[in-house]
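Data from run24.tsv: TSV, N, CA and C atoms
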chain	number	residue	atom	x	y	z
A	1	MET	N	-11.27	116.70	-133.44
A	1	MET	CA	-10.10	116.87	-134.30
A	1	MET	C	-8.87	116.26	-133.62
A	2	ALA	N	-8.05	115.63	-134.40
A	2	ALA	CA	-6.84	114.99	-133.87
A	2	ALA	C	-5.80	116.04	-133.54
A	3	GLY	N	-5.03	115.75	-132.49
A	3	GLY	CA	-3.92	116.63	-132.13
A	3	GLY	C	-2.76	116.43	-133.08
A	4	LEU	N	-1.97	117.48	-133.27
A	4	LEU	CA	-0.81	117.42	-134.16
A	4	LEU	C	0.46	117.36	-133.32
A	5	ILE	N	1.33	116.41	-133.64
A	5	ILE	CA	2.62	116.26	-132.98
A	5	ILE	C	3.70	116.51	-134.02
A	6	ARG	N	4.54	117.51	-133.78
A	6	ARG	CA	5.63	117.82	-134.69
A	6	ARG	C	6.90	117.15	-134.17
A	7	VAL	N	7.59	116.45	-135.07
A	7	VAL	CA	8.81	115.74	-134.69
A	7	VAL	C	9.91	115.98	-135.72
A	8	VAL	N	11.12	115.69	-135.31
A	8	VAL	CA	12.28	115.71	-136.19
A	8	VAL	C	12.88	114.31	-136.14
A	9	CYS	N	13.31	113.81	-137.31
A	9	CYS	CA	13.80	112.44	-137.40
A	9	CYS	C	15.05	112.36	-138.25
A	10	ALA	N	15.82	111.29	-138.03
A	10	ALA	CA	17.02	111.03	-138.81
A	10	ALA	C	16.84	109.74	-139.58
A	11	ALA	N	17.11	109.80	-140.88
A	11	ALA	CA	17.16	108.61	-141.72
A	11	ALA	C	18.63	108.23	-141.82
A	12	ILE	N	19.03	107.27	-141.01
A	12	ILE	CA	20.42	106.84	-140.92
A	12	ILE	C	20.55	105.52	-141.67
A	13	ILE	N	21.32	105.55	-142.76
A	13	ILE	CA	21.44	104.39	-143.62
A	13	ILE	C	22.92	104.05	-143.79
A	14	ALA	N	23.24	102.78	-143.59
A	14	ALA	CA	24.60	102.29	-143.79
A	14	ALA	C	24.49	100.94	-144.49
A	15	ASP	N	25.20	100.77	-145.58
A	15	ASP	CA	25.20	99.51	-146.33
A	15	ASP	C	23.78	99.05	-146.68
A	16	GLU	N	22.96	100.01	-147.15
A	16	GLU	CA	21.57	99.75	-147.54
A	16	GLU	C	20.72	99.21	-146.38
A	17	ARG	N	21.13	99.52	-145.17
A	17	ARG	CA	20.34	99.16	-143.98
A	17	ARG	C	19.94	100.43	-143.26
A	18	LEU	N	18.68	100.52	-142.91
A	18	LEU	CA	18.10	101.69	-142.26
A	18	LEU	C	18.01	101.45	-140.76
A	19	LEU	N	18.45	102.42	-139.98
A	19	LEU	CA	18.35	102.30	-138.52
A	19	LEU	C	16.93	102.64	-138.08
A	20	LEU	N	16.28	101.68	-137.45
A	20	LEU	CA	14.94	101.85	-136.92
A	20	LEU	C	14.96	101.62	-135.42
A	21	VAL	N	14.05	102.29	-134.71
A	21	VAL	CA	13.96	102.14	-133.27
A	21	VAL	C	12.53	101.80	-132.88
A	22	ARG	N	12.43	101.14	-131.72
A	22	ARG	CA	11.13	100.83	-131.13
A	22	ARG	C	11.14	101.35	-129.71
A	23	LYS	N	10.11	102.11	-129.37
A	23	LYS	CA	10.03	102.66	-128.02
A	23	LYS	C	9.55	101.59	-127.04
A	24	ARG	N	9.96	101.74	-125.80
A	24	ARG	CA	9.58	100.82	-124.73
A	24	ARG	C	8.06	100.75	-124.62
A	25	GLY	N	7.52	99.54	-124.54
A	25	GLY	CA	6.08	99.34	-124.37
A	25	GLY	C	5.27	99.48	-125.65
A	26	THR	N	5.94	99.53	-126.81
A	26	THR	CA	5.24	99.66	-128.09
A	26	THR	C	5.71	98.59	-129.06
A	27	THR	N	5.02	98.48	-130.18
A	27	THR	CA	5.35	97.49	-131.20
A	27	THR	C	6.01	98.08	-132.44
A	28	PRO	N	5.49	99.20	-132.99
A	28	PRO	CA	6.00	99.66	-134.28
A	28	PRO	C	7.41	100.26	-134.23
A	29	PHE	N	8.14	100.01	-135.31
A	29	PHE	CA	9.46	100.60	-135.48
A	29	PHE	C	9.32	101.90	-136.26
A	30	MET	N	10.23	102.82	-135.99
A	30	MET	CA	10.21	104.14	-136.63
A	30	MET	C	11.63	104.68	-136.71
A	31	LEU	N	11.76	105.83	-137.34
A	31	LEU	CA	13.05	106.51	-137.39
A	31	LEU	C	13.37	107.09	-136.02
A	32	PRO	N	14.64	107.15	-135.65
A	32	PRO	CA	14.99	107.82	-134.39
A	32	PRO	C	14.77	109.33	-134.51
A	33	GLY	N	14.46	109.93	-133.40
A	33	GLY	CA	14.22	111.38	-133.34
A	33	GLY	C	13.23	111.67	-132.24
A	34	GLY	N	12.59	112.82	-132.32
A	34	GLY	CA	11.63	113.18	-131.29
A	34	GLY	C	11.11	114.58	-131.44
A	35	LYS	N	10.53	115.07	-130.36
A	35	LYS	CA	9.86	116.37	-130.35
A	35	LYS	C	10.82	117.48	-129.93
A	36	PRO	N	10.85	118.57	-130.70
A	36	PRO	CA	11.65	119.72	-130.27
A	36	PRO	C	11.07	120.35	-129.00
A	37	GLU	N	11.95	120.88	-128.16
A	37	GLU	CA	11.54	121.66	-127.00
A	37	GLU	C	11.09	123.03	-127.50
A	38	PRO	N	10.26	123.74	-126.74
A	38	PRO	CA	9.85	125.08	-127.16
A	38	PRO	C	11.07	125.97	-127.44
A	39	GLY	N	11.08	126.60	-128.61
A	39	GLY	CA	12.17	127.49	-129.00
A	39	GLY	C	13.42	126.81	-129.51
A	40	GLU	N	13.44	125.49	-129.52
A	40	GLU	CA	14.62	124.74	-129.95
A	40	GLU	C	14.63	124.61	-131.48
A	41	ALA	N	15.76	124.89	-132.10
A	41	ALA	CA	15.89	124.74	-133.55
A	41	ALA	C	15.77	123.27	-133.92
A	42	PRO	N	15.18	122.96	-135.08
A	42	PRO	CA	14.95	121.56	-135.46
A	42	PRO	C	16.21	120.68	-135.43
A	43	LEU	N	17.31	121.14	-136.02
A	43	LEU	CA	18.51	120.29	-136.01
A	43	LEU	C	19.12	120.17	-134.62
A	44	ASP	N	19.01	121.19	-133.80
A	44	ASP	CA	19.48	121.09	-132.41
A	44	ASP	C	18.65	120.04	-131.67
A	45	ALA	N	17.34	120.05	-131.92
A	45	ALA	CA	16.47	119.06	-131.29
A	45	ALA	C	16.82	117.64	-131.75
A	46	LEU	N	17.10	117.49	-133.03
A	46	LEU	CA	17.43	116.17	-133.55
A	46	LEU	C	18.74	115.67	-132.96
A	47	ARG	N	19.73	116.52	-132.89
A	47	ARG	CA	21.01	116.11	-132.28
A	47	ARG	C	20.81	115.71	-130.81
A	48	ARG	N	20.03	116.50	-130.08
A	48	ARG	CA	19.75	116.20	-128.67
A	48	ARG	C	19.05	114.86	-128.54
A	49	GLU	N	18.01	114.64	-129.34
A	49	GLU	CA	17.26	113.38	-129.26
A	49	GLU	C	18.15	112.17	-129.57
A	50	ILE	N	19.01	112.30	-130.57
A	50	ILE	CA	19.90	111.19	-130.92
A	50	ILE	C	20.88	110.91	-129.78
A	51	ARG	N	21.41	111.96	-129.17
A	51	ARG	CA	22.31	111.75	-128.01
A	51	ARG	C	21.57	111.06	-126.88
A	52	GLU	N	20.34	111.51	-126.59
A	52	GLU	CA	19.56	110.93	-125.49
A	52	GLU	C	19.14	109.48	-125.78
A	53	GLU	N	18.69	109.22	-126.99
A	53	GLU	CA	18.12	107.92	-127.33
A	53	GLU	C	19.13	106.88	-127.79
A	54	LEU	N	20.24	107.34	-128.41
A	54	LEU	CA	21.19	106.40	-128.99
A	54	LEU	C	22.61	106.55	-128.45
A	55	GLY	N	22.86	107.59	-127.66
A	55	GLY	CA	24.16	107.76	-127.03
A	55	GLY	C	25.29	108.10	-127.98
A	56	CYS	N	24.98	108.69	-129.12
A	56	CYS	CA	26.05	109.07	-130.06
A	56	CYS	C	25.70	110.41	-130.71
A	57	ASP	N	26.64	110.92	-131.48
A	57	ASP	CA	26.43	112.20	-132.15
A	57	ASP	C	25.90	111.99	-133.54
A	58	LEU	N	25.19	113.00	-134.03
A	58	LEU	CA	24.57	112.97	-135.34
A	58	LEU	C	25.29	113.93	-136.28
A	59	ILE	N	25.54	113.46	-137.49
A	59	ILE	CA	26.09	114.31	-138.54
A	59	ILE	C	25.01	114.42	-139.60
A	60	PRO	N	24.24	115.54	-139.57
A	60	PRO	CA	23.11	115.65	-140.49
A	60	PRO	C	23.55	115.93	-141.92
A	61	GLY	N	22.78	115.39	-142.85
A	61	GLY	CA	22.94	115.69	-144.26
A	61	GLY	C	21.75	116.52	-144.70
A	62	PRO	N	21.33	116.36	-145.96
A	62	PRO	CA	20.21	117.16	-146.45
A	62	PRO	C	18.87	116.73	-145.86
A	63	GLU	N	17.99	117.70	-145.73
A	63	GLU	CA	16.62	117.40	-145.32
A	63	GLU	C	15.89	116.79	-146.50
A	64	LEU	N	15.10	115.75	-146.24
A	64	LEU	CA	14.31	115.13	-147.30
A	64	LEU	C	13.17	116.06	-147.69
A	65	PRO	N	12.99	116.27	-149.00
A	65	PRO	CA	11.86	117.11	-149.42
A	65	PRO	C	10.55	116.35	-149.28
A	66	GLY	N	9.51	117.08	-149.05
A	66	GLY	CA	8.18	116.47	-148.97
A	66	GLY	C	7.50	116.74	-147.66
A	67	THR	N	6.25	116.34	-147.61
A	67	THR	CA	5.43	116.47	-146.41
A	67	THR	C	5.25	115.07	-145.84
A	68	PHE	N	5.63	114.91	-144.60
A	68	PHE	CA	5.56	113.60	-143.94
A	68	PHE	C	4.57	113.73	-142.79
A	69	ARG	N	3.38	113.19	-143.01
A	69	ARG	CA	2.30	113.35	-142.04
A	69	ARG	C	1.41	112.12	-142.10
A	70	ASP	N	1.13	111.54	-140.92
A	70	ASP	CA	0.26	110.36	-140.86
A	70	ASP	C	-0.20	110.17	-139.41
A	71	ALA	N	-0.97	109.12	-139.19
A	71	ALA	CA	-1.44	108.80	-137.83
A	71	ALA	C	-0.23	108.52	-136.94
A	72	ALA	N	-0.27	109.03	-135.73
A	72	ALA	CA	0.80	108.77	-134.77
A	72	ALA	C	0.77	107.30	-134.38
A	73	ALA	N	1.95	106.70	-134.29
A	73	ALA	CA	2.03	105.26	-134.00
A	73	ALA	C	1.63	104.92	-132.57
A	74	ASN	N	1.98	105.80	-131.63
A	74	ASN	CA	1.81	105.44	-130.21
A	74	ASN	C	0.91	106.40	-129.44
A	75	GLU	N	0.25	107.32	-130.13
A	75	GLU	CA	-0.62	108.28	-129.45
A	75	GLU	C	-1.95	108.34	-130.20
A	76	PRO	N	-2.97	107.62	-129.69
A	76	PRO	CA	-4.26	107.59	-130.36
A	76	PRO	C	-4.82	108.99	-130.60
A	77	ASP	N	-5.54	109.14	-131.69
A	77	ASP	CA	-6.20	110.40	-132.04
A	77	ASP	C	-5.23	111.55	-132.26
A	78	HIS	N	-4.02	111.23	-132.68
A	78	HIS	CA	-3.03	112.26	-132.99
A	78	HIS	C	-2.43	112.00	-134.37
A	79	ILE	N	-2.01	113.08	-134.98
A	79	ILE	CA	-1.31	113.04	-136.27
A	79	ILE	C	0.12	113.47	-135.99
A	80	VAL	N	1.07	112.78	-136.61
A	80	VAL	CA	2.47	113.16	-136.49
A	80	VAL	C	2.90	113.81	-137.81
A	81	GLN	N	3.62	114.91	-137.68
A	81	GLN	CA	4.19	115.59	-138.84
A	81	GLN	C	5.69	115.67	-138.61
A	82	ALA	N	6.46	115.12	-139.56
A	82	ALA	CA	7.90	114.98	-139.35
A	82	ALA	C	8.70	115.77	-140.38
A	83	ARG	N	9.80	116.30	-139.89
A	83	ARG	CA	10.88	116.78	-140.76
A	83	ARG	C	11.97	115.74	-140.64
A	84	ILE	N	12.53	115.32	-141.78
A	84	ILE	CA	13.46	114.20	-141.79
A	84	ILE	C	14.75	114.59	-142.50
A	85	TRP	N	15.86	114.29	-141.87
A	85	TRP	CA	17.17	114.54	-142.45
A	85	TRP	C	17.88	113.21	-142.71
A	86	ALA	N	18.50	113.09	-143.87
A	86	ALA	CA	19.45	112.01	-144.09
A	86	ALA	C	20.62	112.32	-143.16
A	87	ALA	N	21.19	111.31	-142.54
A	87	ALA	CA	22.24	111.58	-141.56
A	87	ALA	C	23.11	110.36	-141.37
A	88	ARG	N	24.20	110.58	-140.68
A	88	ARG	CA	25.02	109.46	-140.24
A	88	ARG	C	25.37	109.69	-138.78
A	89	LEU	N	25.83	108.64	-138.15
A	89	LEU	CA	26.15	108.71	-136.72
A	89	LEU	C	27.65	108.76	-136.51
A	90	GLU	N	28.03	109.40	-135.46
A	90	GLU	CA	29.41	109.35	-134.99
A	90	GLU	C	29.38	108.58	-133.68
A	91	GLY	N	29.83	107.34	-133.74
A	91	GLY	CA	29.76	106.45	-132.59
A	91	GLY	C	28.77	105.33	-132.86
A	92	ALA	N	28.79	104.33	-132.01
A	92	ALA	CA	27.90	103.18	-132.15
A	92	ALA	C	26.62	103.41	-131.35
A	93	PRO	N	25.45	103.25	-131.98
A	93	PRO	CA	24.20	103.49	-131.26
A	93	PRO	C	23.89	102.38	-130.26
A	94	ILE	N	23.38	102.80	-129.11
A	94	ILE	CA	22.95	101.89	-128.05
A	94	ILE	C	21.60	102.39	-127.56
A	95	PRO	N	20.60	101.51	-127.44
A	95	PRO	CA	19.28	101.96	-126.98
A	95	PRO	C	19.36	102.59	-125.59
A	96	ALA	N	18.79	103.78	-125.45
A	96	ALA	CA	18.77	104.50	-124.17
A	96	ALA	C	17.44	105.25	-124.07
A	97	ALA	N	17.24	105.91	-122.95
A	97	ALA	CA	16.01	106.67	-122.69
A	97	ALA	C	14.81	105.76	-122.94
A	98	GLU	N	13.86	106.19	-123.79
A	98	GLU	CA	12.65	105.39	-124.01
A	98	GLU	C	12.80	104.35	-125.12
A	99	ILE	N	13.99	104.21	-125.69
A	99	ILE	CA	14.20	103.25	-126.77
A	99	ILE	C	14.45	101.85	-126.19
A	100	ALA	N	13.59	100.91	-126.56
A	100	ALA	CA	13.72	99.53	-126.09
A	100	ALA	C	14.60	98.70	-127.01
A	101	GLU	N	14.57	99.04	-128.31
A	101	GLU	CA	15.27	98.21	-129.29
A	101	GLU	C	15.65	99.06	-130.49
A	102	LEU	N	16.80	98.78	-131.05
A	102	LEU	CA	17.16	99.37	-132.33
A	102	LEU	C	17.52	98.25	-133.28
A	103	ARG	N	17.31	98.51	-134.56
A	103	ARG	CA	17.54	97.48	-135.55
A	103	ARG	C	18.04	98.12	-136.85
A	104	TRP	N	19.13	97.58	-137.38
A	104	TRP	CA	19.60	97.95	-138.72
A	104	TRP	C	18.85	97.05	-139.68
A	105	ALA	N	17.89	97.60	-140.41
A	105	ALA	CA	16.99	96.81	-141.24
A	105	ALA	C	17.31	96.95	-142.72
A	106	GLY	N	17.61	95.81	-143.35
A	106	GLY	CA	17.74	95.76	-144.79
A	106	GLY	C	16.35	95.66	-145.42
A	107	VAL	N	16.30	95.66	-146.73
A	107	VAL	CA	15.02	95.63	-147.43
A	107	VAL	C	14.15	94.46	-146.97
A	108	ALA	N	14.70	93.26	-146.88
A	108	ALA	CA	13.92	92.09	-146.46
A	108	ALA	C	13.39	92.27	-145.04
A	109	ASP	N	14.18	92.90	-144.18
A	109	ASP	CA	13.75	93.13	-142.79
A	109	ASP	C	12.63	94.16	-142.72
A	110	ILE	N	12.78	95.23	-143.49
A	110	ILE	CA	11.81	96.33	-143.47
A	110	ILE	C	10.41	95.82	-143.80
A	111	THR	N	10.33	94.98	-144.83
A	111	THR	CA	9.02	94.51	-145.27
A	111	THR	C	8.38	93.57	-144.25
A	112	GLY	N	9.16	93.01	-143.33
A	112	GLY	CA	8.60	92.10	-142.35
A	112	GLY	C	8.41	92.68	-140.97
A	113	LEU	N	8.79	93.93	-140.77
A	113	LEU	CA	8.68	94.55	-139.44
A	113	LEU	C	7.38	95.32	-139.28
A	114	PRO	N	6.86	95.37	-138.06
A	114	PRO	CA	5.72	96.27	-137.82
A	114	PRO	C	6.26	97.71	-137.83
A	115	LEU	N	5.82	98.49	-138.78
A	115	LEU	CA	6.31	99.86	-138.93
A	115	LEU	C	5.24	100.87	-138.54
A	116	ALA	N	5.67	102.03	-138.06
A	116	ALA	CA	4.77	103.13	-137.77
A	116	ALA	C	4.08	103.56	-139.06
A	117	PRO	N	2.83	104.04	-138.98
A	117	PRO	CA	2.11	104.46	-140.19
A	117	PRO	C	2.89	105.45	-141.06
A	118	LEU	N	3.60	106.36	-140.47
A	118	LEU	CA	4.37	107.34	-141.24
A	118	LEU	C	5.40	106.66	-142.13
A	119	MET	N	6.00	105.58	-141.64
A	119	MET	CA	6.99	104.85	-142.43
A	119	MET	C	6.35	104.27	-143.69
A	120	HIS	N	5.18	103.62	-143.51
A	120	HIS	CA	4.48	103.03	-144.65
A	120	HIS	C	3.96	104.11	-145.59
A	121	GLY	N	3.43	105.16	-145.00
A	121	GLY	CA	2.74	106.17	-145.77
A	121	GLY	C	3.61	106.94	-146.75
A	122	SER	N	4.75	107.42	-146.29
A	122	SER	CA	5.52	108.28	-147.19
A	122	SER	C	7.02	108.23	-147.01
A	123	VAL	N	7.50	107.84	-145.86
A	123	VAL	CA	8.93	107.93	-145.59
A	123	VAL	C	9.74	106.95	-146.45
A	124	LEU	N	9.33	105.69	-146.50
A	124	LEU	CA	10.09	104.73	-147.32
A	124	LEU	C	10.14	105.17	-148.78
A	125	ALA	N	9.02	105.63	-149.31
A	125	ALA	CA	8.99	106.10	-150.70
A	125	ALA	C	9.93	107.28	-150.91
A	126	ALA	N	9.99	108.19	-149.96
A	126	ALA	CA	10.89	109.34	-150.07
A	126	ALA	C	12.35	108.90	-150.02
A	127	LEU	N	12.66	107.91	-149.21
A	127	LEU	CA	14.04	107.41	-149.14
A	127	LEU	C	14.44	106.72	-150.45
A	128	VAL	N	13.50	106.05	-151.08
A	128	VAL	CA	13.77	105.45	-152.39
A	128	VAL	C	13.96	106.54	-153.43
A	129	ARG	N	13.06	107.53	-153.46
A	129	ARG	CA	13.18	108.64	-154.43
A	129	ARG	C	14.50	109.38	-154.29
A	130	ALA	N	14.99	109.51	-153.05
A	130	ALA	CA	16.25	110.20	-152.79
A	130	ALA	C	17.46	109.34	-153.12
A	131	GLY	N	17.22	108.07	-153.49
A	131	GLY	CA	18.34	107.18	-153.82
A	131	GLY	C	19.03	106.61	-152.60
A	132	LEU	N	18.40	106.70	-151.44
A	132	LEU	CA	19.01	106.22	-150.19
A	132	LEU	C	18.70	104.76	-149.91
A	133	LEU	N	17.60	104.26	-150.45
A	133	LEU	CA	17.21	102.85	-150.30
A	133	LEU	C	16.81	102.32	-151.68
A	134	PRO	N	17.00	101.01	-151.90
A	134	PRO	CA	16.59	100.43	-153.18
A	134	PRO	C	15.06	100.39	-153.32
A	135	GLN	N	14.59	100.36	-154.55
A	135	GLN	CA	13.16	100.35	-154.86
A	135	GLN	C	12.42	99.23	-154.11
A	136	ALA	N	13.06	98.11	-153.88
A	136	ALA	CA	12.41	96.98	-153.22
A	136	ALA	C	11.93	97.33	-151.82
A	137	ALA	N	12.41	98.42	-151.23
A	137	ALA	CA	12.00	98.81	-149.88
A	137	ALA	C	10.53	99.20	-149.82
A	138	VAL	N	9.95	99.57	-150.95
A	138	VAL	CA	8.54	99.97	-150.94
A	138	VAL	C	7.65	98.94	-151.63
A	139	ALA	N	8.21	97.80	-151.95
A	139	ALA	CA	7.41	96.75	-152.63
A	139	ALA	C	6.47	96.07	-151.68

Let me see the file written as structure tokens.
Amino acid sequence: MAGLIRVVCAAIIADERLLLVRKRGTTPFMLPGGKPEPGEAPLDALRREIREELGCDLIPGPELPGTFRDAAANEPDHIVQARIWAARLEGAPIPAAEIAELRWAGVADITGLPLAPLMHGSVLAALVRAGLLPQAAVA
């Protein structure tokens, strides 16, 4: 049986561009965020991860409805289950900690990037349903 990894993520969108990150030593892009520490509240964990990985503060909006679960991008034989909040940043993001690269991706960029399975599976569709990205993002 595959191990389950629970994560919290931020869908940060500005001018129809989604902020994606790539971890050091990996290929797929994903939403910024990470794993809560034991006993840590989900939004506290998300704020901490954004400060550690992007060096700025997070202003969370509503949590996206739905179940976000798929194969983990960087951990074989694991499933990732994510809670995702629409959010904005206070400050300019800079790759830090395990983040090798960040990218503000428009629709044309999204379709050409190597994305984590969770992004393909359900996250992009949820962002379109929520009105945060144009329909072309899932084409």

Nearest to Asp57 in chain A: which of A:Val80, A:Ile13, A:Ile94, A:Val7 is it, counting only C-alpha atoms?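 Closest to Asp57 in chain A of all the choices is A:Ile94.
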
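Of the listed residues A:Ile110, A:Ala71, A:Leu102, A:Ala92, the one whose atoms come nearest to Leu20 in chain A is A:Leu102, with distances taken using only N, CA and C atoms.
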
Interatomic distance between atom N of Val128 in chain A and CA of Glu63 in chain A? 13.1 Å

So that I can see what lies close to Val138 in chain A, please list as a PDB file with N, CA and C atoms, keeping the file's coordinate frame the residues with an atom at most 9 Å from it, counting only C-alpha atoms and leaving out residues fewer than 4 positions away in the same chain.
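Done, and the output landed in out23.pdb:
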ATOM      1  N   VAL A 107      16.300  95.660-146.730  1.00  0.00           N
ATOM      2  CA  VAL A 107      15.020  95.630-147.430  1.00  0.00           C
ATOM      3  C   VAL A 107      14.150  94.460-146.970  1.00  0.00           C
ATOM      4  N   ILE A 110      12.780  95.230-143.490  1.00  0.00           N
ATOM      5  CA  ILE A 110      11.810  96.330-143.470  1.00  0.00           C
ATOM      6  C   ILE A 110      10.410  95.820-143.800  1.00  0.00           C
ATOM      7  N   THR A 111      10.330  94.980-144.830  1.00  0.00           N
ATOM      8  CA  THR A 111       9.020  94.510-145.270  1.00  0.00           C
ATOM      9  C   THR A 111       8.380  93.570-144.250  1.00  0.00           C
ATOM     10  N   HIS A 120       5.180 103.620-143.510  1.00  0.00           N
ATOM     11  CA  HIS A 120       4.480 103.030-144.650  1.00  0.00           C
ATOM     12  C   HIS A 120       3.960 104.110-145.590  1.00  0.00           C
ATOM     13  N   LEU A 124       9.330 105.690-146.500  1.00  0.00           N
ATOM     14  CA  LEU A 124      10.090 104.730-147.320  1.00  0.00           C
ATOM     15  C   LEU A 124      10.140 105.170-148.780  1.00  0.00           C
ATOM     16  N   ALA A 125       9.020 105.630-149.310  1.00  0.00           N
ATOM     17  CA  ALA A 125       8.990 106.100-150.700  1.00  0.00           C
ATOM     18  C   ALA A 125       9.930 107.280-150.910  1.00  0.00           C
ATOM     19  N   VAL A 128      13.500 106.050-151.080  1.00  0.00           N
ATOM     20  CA  VAL A 128      13.770 105.450-152.390  1.00  0.00           C
ATOM     21  C   VAL A 128      13.960 106.540-153.430  1.00  0.00           C
ATOM     22  N   PRO A 134      17.000 101.010-151.900  1.00  0.00           N
ATOM     23  CA  PRO A 134      16.590 100.430-153.180  1.00  0.00           C
ATOM     24  C   PRO A 134      15.060 100.390-153.320  1.00  0.00           C
TER      25      PRO A 134
END

Quick one: of A:Ala108, A:Leu115, A:Leu132, A:Ala97, who's nearest to Arg51 in chain A, counting only N, CA and C atoms? A:Ala97

Go ahead and find all residues with at least one atom no further than 12 Å from (14.7, 96.0, -129.9) in the file's coordinates, using only C-alpha atoms; report them as a list in words. Leu19, Leu20, Val21, Arg22, Lys23, Arg24, Gly25, Thr26, Thr27, Pro28, Phe29, Met30, Ile94, Pro95, Ala96, Glu98, Ile99, Ala100, Glu101, Leu102, Arg103, Trp104, Ala105, Leu113 and Pro114 of chain A

Chain A: which residues are strand (DSSP E) by DSSP, as a ChimeraX atom specification? /A:3-14,17-23,29-30,33-34,57-63,68-71,78-90,99-105

Closest of A:Ala130, A:Leu54, A:Ala14, A:Ile79 to Pro93 in chain A - atom-to-atom distances counting only C-alpha atoms: A:Leu54

Calculated over all atoms listed in the file, which of the candidates A:Asn74, A:Val8, A:Leu133, A:Pro65 has the smallest distance to Leu43 in chain A? A:Val8

Which one of A:Ala137, A:Gly106, A:Leu89, A:Glu53 sits closest to Arg17 in chain A if you count only N, CA and C atoms?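 Residue with the minimum atom-to-atom distance to Arg17 in chain A: A:Gly106.
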
Can you pull out every residue within 8 Å of Val123 in chain A, counting all atoms listed in the file, but drop anything in the same chain fewer than 6 positions away, and send it as a list in words?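 So, after excluding close chain neighbours, the residues are Thr67, Phe68, Arg69, Pro117 and Arg129 of chain A.
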
Here atom C of Gly33 in chain A and CA of Arg6 in chain A stand apart by 10.1 Å

DSSP-assigned helix (DSSP H, G or I) among range 5-53 of chain A, expressed as a list in words: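 Selection result, helix (DSSP H, G or I) within range 5-53 of chain A: Pro42, Leu43, Asp44, Ala45, Leu46, Arg47, Arg48, Glu49, Ile50, Arg51, Glu52 and Glu53 of chain A.
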
So what do you get for atom N of Cys9 in chain A versus atom N of Arg48 in chain A, distance-wise?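 Taking atom N of Cys9 in chain A as the start and atom N of Arg48 in chain A as the end point, the length is 10.2 Å.
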
Any idea what's packed within 10 Å of Glu90 in chain A, counting only C-alpha atoms, ignoring anything in its chain fewer than 6 positions away? Could you give it as JSON, numbers by chain? {"A": [55, 56, 57, 58, 59]}

Once 5 Å is added on each side, what centre and edge lengths in Å to one decimal does the axis-aligned box around all listed atoms of range 5-15 of chain A have, as JSON?
{"center_x": 13.3, "center_y": 108.4, "center_z": -139.8, "size_x": 33.9, "size_y": 28.8, "size_z": 23.7}
